[in-house]
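Participant: Structure below; questions to follow.
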Amino acid sequence: MFPPDISCLAAARLQLAVSHRGPRDVGVQEILCVCLSFPCGICFKDVVICVEDTPSAQVSWPEEEKEEECEEEEEEEQDLCPEEDIILVIQQHLQGRAEALHNRYSRSLDTILRGRLTETPTVEKLQHLLEHIHRSLLANNTQERARAVQTSAALLQFATSLPGFDTSSTFSKAGEFVLQLGLWISHPASDISRHARGGIYWLYWLLLQKSGLNTSKAADLWCRDRLHDPERLGYRNLARVGEVFGEIFSEDQKSSFLQAGLLAIHHPLLRVSQAGLVLTYSILGEAGQLLEDEEDITANITVQLFNIRMLGQVPDALQGLCSLGQH
């Protein structure tokens with residue numbers, strides 16, 4: 001099985017060919033062999049079109065090289081090596097195909113999940129589906145995390161619009177879902193943060209509906225930043241999540257929120273552990289301890305994380321969670 005990086009694969013093969021036969025004797029055939037052996041489902045026709053559309057991809061025969069060597073000498077010094085140009089075009093082509101496949105996969109997944117929820121339109125079924133989706137929210141692969149956030153938000157929004165959706169069953173893991181989405185509401189990628197905030201909003205809407213509360217009078221989830229400070233706004237919004245949901249969570253939901261928060265605090269990604277700490281403090285009504293020094297909030301949070309993770313020193317605000325984290 002070849003590695004997924006087409007440029008590295010091509011470079012290795014071309015380097016081997018050049019070392020044996022010289023750079024001018026390495027032609028298009030070697031490049032095509034590289035692509036055809038690459039396990040990505042690319043068809044021969046696509047490669048041929050990609051190569052034929054590239055001006056520098058034309059095959060040069062030895063007889064033609066002798067006749068045109070003088071005329072093309074200056075151009076060759078300025079342009080990229082033909083093989084490098086071909087590799088670049090093929091790489092761009094593969095990236096475009098990967099993006100198209102990703103979009104198609106996401107749409108298919110949304111369709112399947114909506115079909116399952118339509119067959120059994122209950123909170124219990126929604127919770128079951130979200131459990132599977134949210135396993136990817138803390139994956140190492142960035143694209144997988146982004147897809148999980150988007151899929152979760154789309155399914156939650158669909159549930160709120162589903163006729164006859166039954167909210168009578170328990171929704172004990174709603175707290176866990178809120179925290180897991182909350183970890184990404186301040187992500188630097190705008191699409192990830194937007195979908196995360198959307199998912200939290202629809203969870204809030206469902207919990208209000210389940211509690212028989214008026215959804216039209218729901219509290220505003222997000223803060224307004226008059227100072228235009230994205231970092232400070234991000235921390236305020238994290239604190240806001242705990243404050244708002246703490247008022248409507250059941251004991252089971254609050255417990256699942258705190259358990260997920262403890263796991264997030266020990267996550268290897270610093271952004272995740274910082275968000276997890278703020279969210280955990282916020283559900284306990286202690287976020288002010290972290291955010292009181294607005295000049296250097298990040299430093300304060302980082303110190304607290306160091307004390308917890310490296311020194312094993314649990315802050316007073318989290319002392320009551322020690323037994324919770326052992327279960």
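FYI, nothing fancy with the structure tokens labels: chains A, B, ... in order, residues from 1 per chain, ligands from 1 as they appear.
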For range 149-182 of chain A against range 112-122 of chain A, with a cut-off of 10 Å and counting only C-alpha atoms, what is the closest atom pair and its distance in Å to one decimal for every residue that makes the cut, ordered by chain and number, as CSV?
Facilitator:
residue,atom,partner,partner_atom,distance
A:Thr151,CA,A:Leu113,CA,9.0
A:Ser152,CA,A:Leu113,CA,9.9
A:Ala154,CA,A:Arg114,CA,9.2
A:Leu155,CA,A:Arg114,CA,6.7
A:Leu156,CA,A:Arg114,CA,9.8
A:Phe158,CA,A:Arg114,CA,7.3
A:Ala159,CA,A:Leu117,CA,7.7
A:Leu162,CA,A:Pro121,CA,7.5
A:Pro163,CA,A:Pro121,CA,8.4
A:Gly164,CA,A:Pro121,CA,7.2
A:Phe165,CA,A:Pro121,CA,5.0
A:Asp166,CA,A:Thr122,CA,4.5
A:Thr167,CA,A:Thr122,CA,6.1
A:Ser168,CA,A:Thr122,CA,7.9
A:Ser169,CA,A:Thr122,CA,7.3
A:Thr170,CA,A:Thr122,CA,9.8
Participant: Tell me, as number ranges by chain, which residues lie within 10 Å of Ala264 in chain A, counting only C-alpha atoms; anything in the same chain fewer than 6 positions away does not count.
Facilitator: A: 138, 179-180, 183, 258, 270-277, 279-280
Participant: Got time to write the residues from that selection, N, CA, C and O atoms, as a short mmCIF file (atom, residue, chain, number, x, y, z; two decimals), in the first residue's frame?
Facilitator:
data_model
loop_
_atom_site.label_atom_id
_atom_site.label_comp_id
_atom_site.auth_asym_id
_atom_site.auth_seq_id
_atom_site.Cartn_x
_atom_site.Cartn_y
_atom_site.Cartn_z
N LEU A 138 -13.42 14.41 19.36
CA LEU A 138 -12.09 14.51 19.94
C LEU A 138 -11.08 13.66 19.17
O LEU A 138 -10.04 13.28 19.71
N LEU A 179 -21.29 20.01 26.40
CA LEU A 179 -19.88 20.29 26.67
C LEU A 179 -19.00 19.95 25.47
O LEU A 179 -18.11 20.72 25.11
N GLN A 180 -19.25 18.83 24.84
CA GLN A 180 -18.41 18.42 23.71
C GLN A 180 -18.49 19.41 22.55
O GLN A 180 -17.48 19.70 21.91
N LEU A 183 -16.64 22.83 23.38
CA LEU A 183 -15.18 22.87 23.23
C LEU A 183 -14.75 23.54 21.93
O LEU A 183 -13.60 23.98 21.81
N LEU A 258 -20.25 17.45 33.65
CA LEU A 258 -19.05 17.52 34.47
C LEU A 258 -18.07 16.39 34.16
O LEU A 258 -16.85 16.60 34.12
N LEU A 270 -4.14 21.72 23.79
CA LEU A 270 -4.26 22.81 24.76
C LEU A 270 -5.57 23.56 24.60
O LEU A 270 -6.21 23.93 25.60
N ARG A 271 -6.01 23.81 23.36
CA ARG A 271 -7.25 24.53 23.14
C ARG A 271 -8.43 23.80 23.77
O ARG A 271 -9.33 24.43 24.35
N VAL A 272 -8.43 22.47 23.66
CA VAL A 272 -9.51 21.67 24.22
C VAL A 272 -9.48 21.70 25.74
O VAL A 272 -10.51 21.88 26.40
N SER A 273 -8.29 21.54 26.32
CA SER A 273 -8.20 21.52 27.78
C SER A 273 -8.54 22.88 28.39
O SER A 273 -9.17 22.96 29.45
N GLN A 274 -8.17 23.97 27.70
CA GLN A 274 -8.53 25.31 28.19
C GLN A 274 -10.04 25.50 28.18
O GLN A 274 -10.63 25.98 29.16
N ALA A 275 -10.66 25.12 27.08
CA ALA A 275 -12.12 25.26 26.98
C ALA A 275 -12.81 24.36 28.00
O ALA A 275 -13.80 24.76 28.63
N GLY A 276 -12.29 23.15 28.18
CA GLY A 276 -12.88 22.24 29.14
C GLY A 276 -12.84 22.78 30.56
O GLY A 276 -13.80 22.62 31.33
N LEU A 277 -11.74 23.46 30.91
CA LEU A 277 -11.62 24.02 32.26
C LEU A 277 -12.63 25.15 32.47
O LEU A 277 -13.31 25.21 33.51
N LEU A 279 -15.47 25.69 30.85
CA LEU A 279 -16.83 25.14 30.86
C LEU A 279 -17.13 24.46 32.20
O LEU A 279 -18.25 24.60 32.73
N THR A 280 -16.17 23.73 32.73
CA THR A 280 -16.38 23.06 34.01
C THR A 280 -16.58 24.07 35.14
O THR A 280 -17.47 23.93 35.98
#
Participant: Identify which of the residues A:Asn214, A:Gln253, A:Thr298, A:Gln209 lies closest to Tyr235 in chain A, counting only C-alpha atoms when measuring atom-to-atom distances.
Facilitator: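 Among the listed residues, the smallest separation from Tyr235 in chain A belongs to A:Thr298.
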Participant: Within 8 Å of Lys254 in chain A, counting only C-alpha atoms, which residues show up once you throw out same-chain ones fewer than 4 positions away? Write them as a ChimeraX atom specification, please.
Facilitator: /A:175,246,249-250,258,283
Participant: Can you tell me which residues surround Ser282 in chain A at a distance of at most 7 Å, considering only C-alpha atoms, apart from same-chain residues fewer than 6 positions away, and format the answer as an NGL selection string?
Facilitator: :A and (239 or 242-243)
Participant: What does the distance from CA of Pro188 in chain A to CA of Pro230 in chain A come to in Å, to one decimal?
Facilitator: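 Those two atoms sit 9.5 Å apart.
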Participant: Pick the closest to Gly288 in chain A from A:Gln304, A:Leu262, A:Phe257, A:Arg236: which is it, counting only C-alpha atoms?
Facilitator: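 Closest to Gly288 in chain A of all the choices is A:Arg236.
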Participant: Please report, as a PyMOL selection string, each residue of range 144-287 of chain A to which DSSP assigns alpha helix (DSSP H) when run on this structure's backbone.
Facilitator: chain A and resi 144-160+174-182+190-210+230-246+251-265+270-283+287
Participant: Give me, as a count of residues only, all polymer residues having an atom no more than 12 Å from Glu144 in chain A, counting only C-alpha atoms and skipping those fewer than 4 positions away in the same chain.
Facilitator: 16
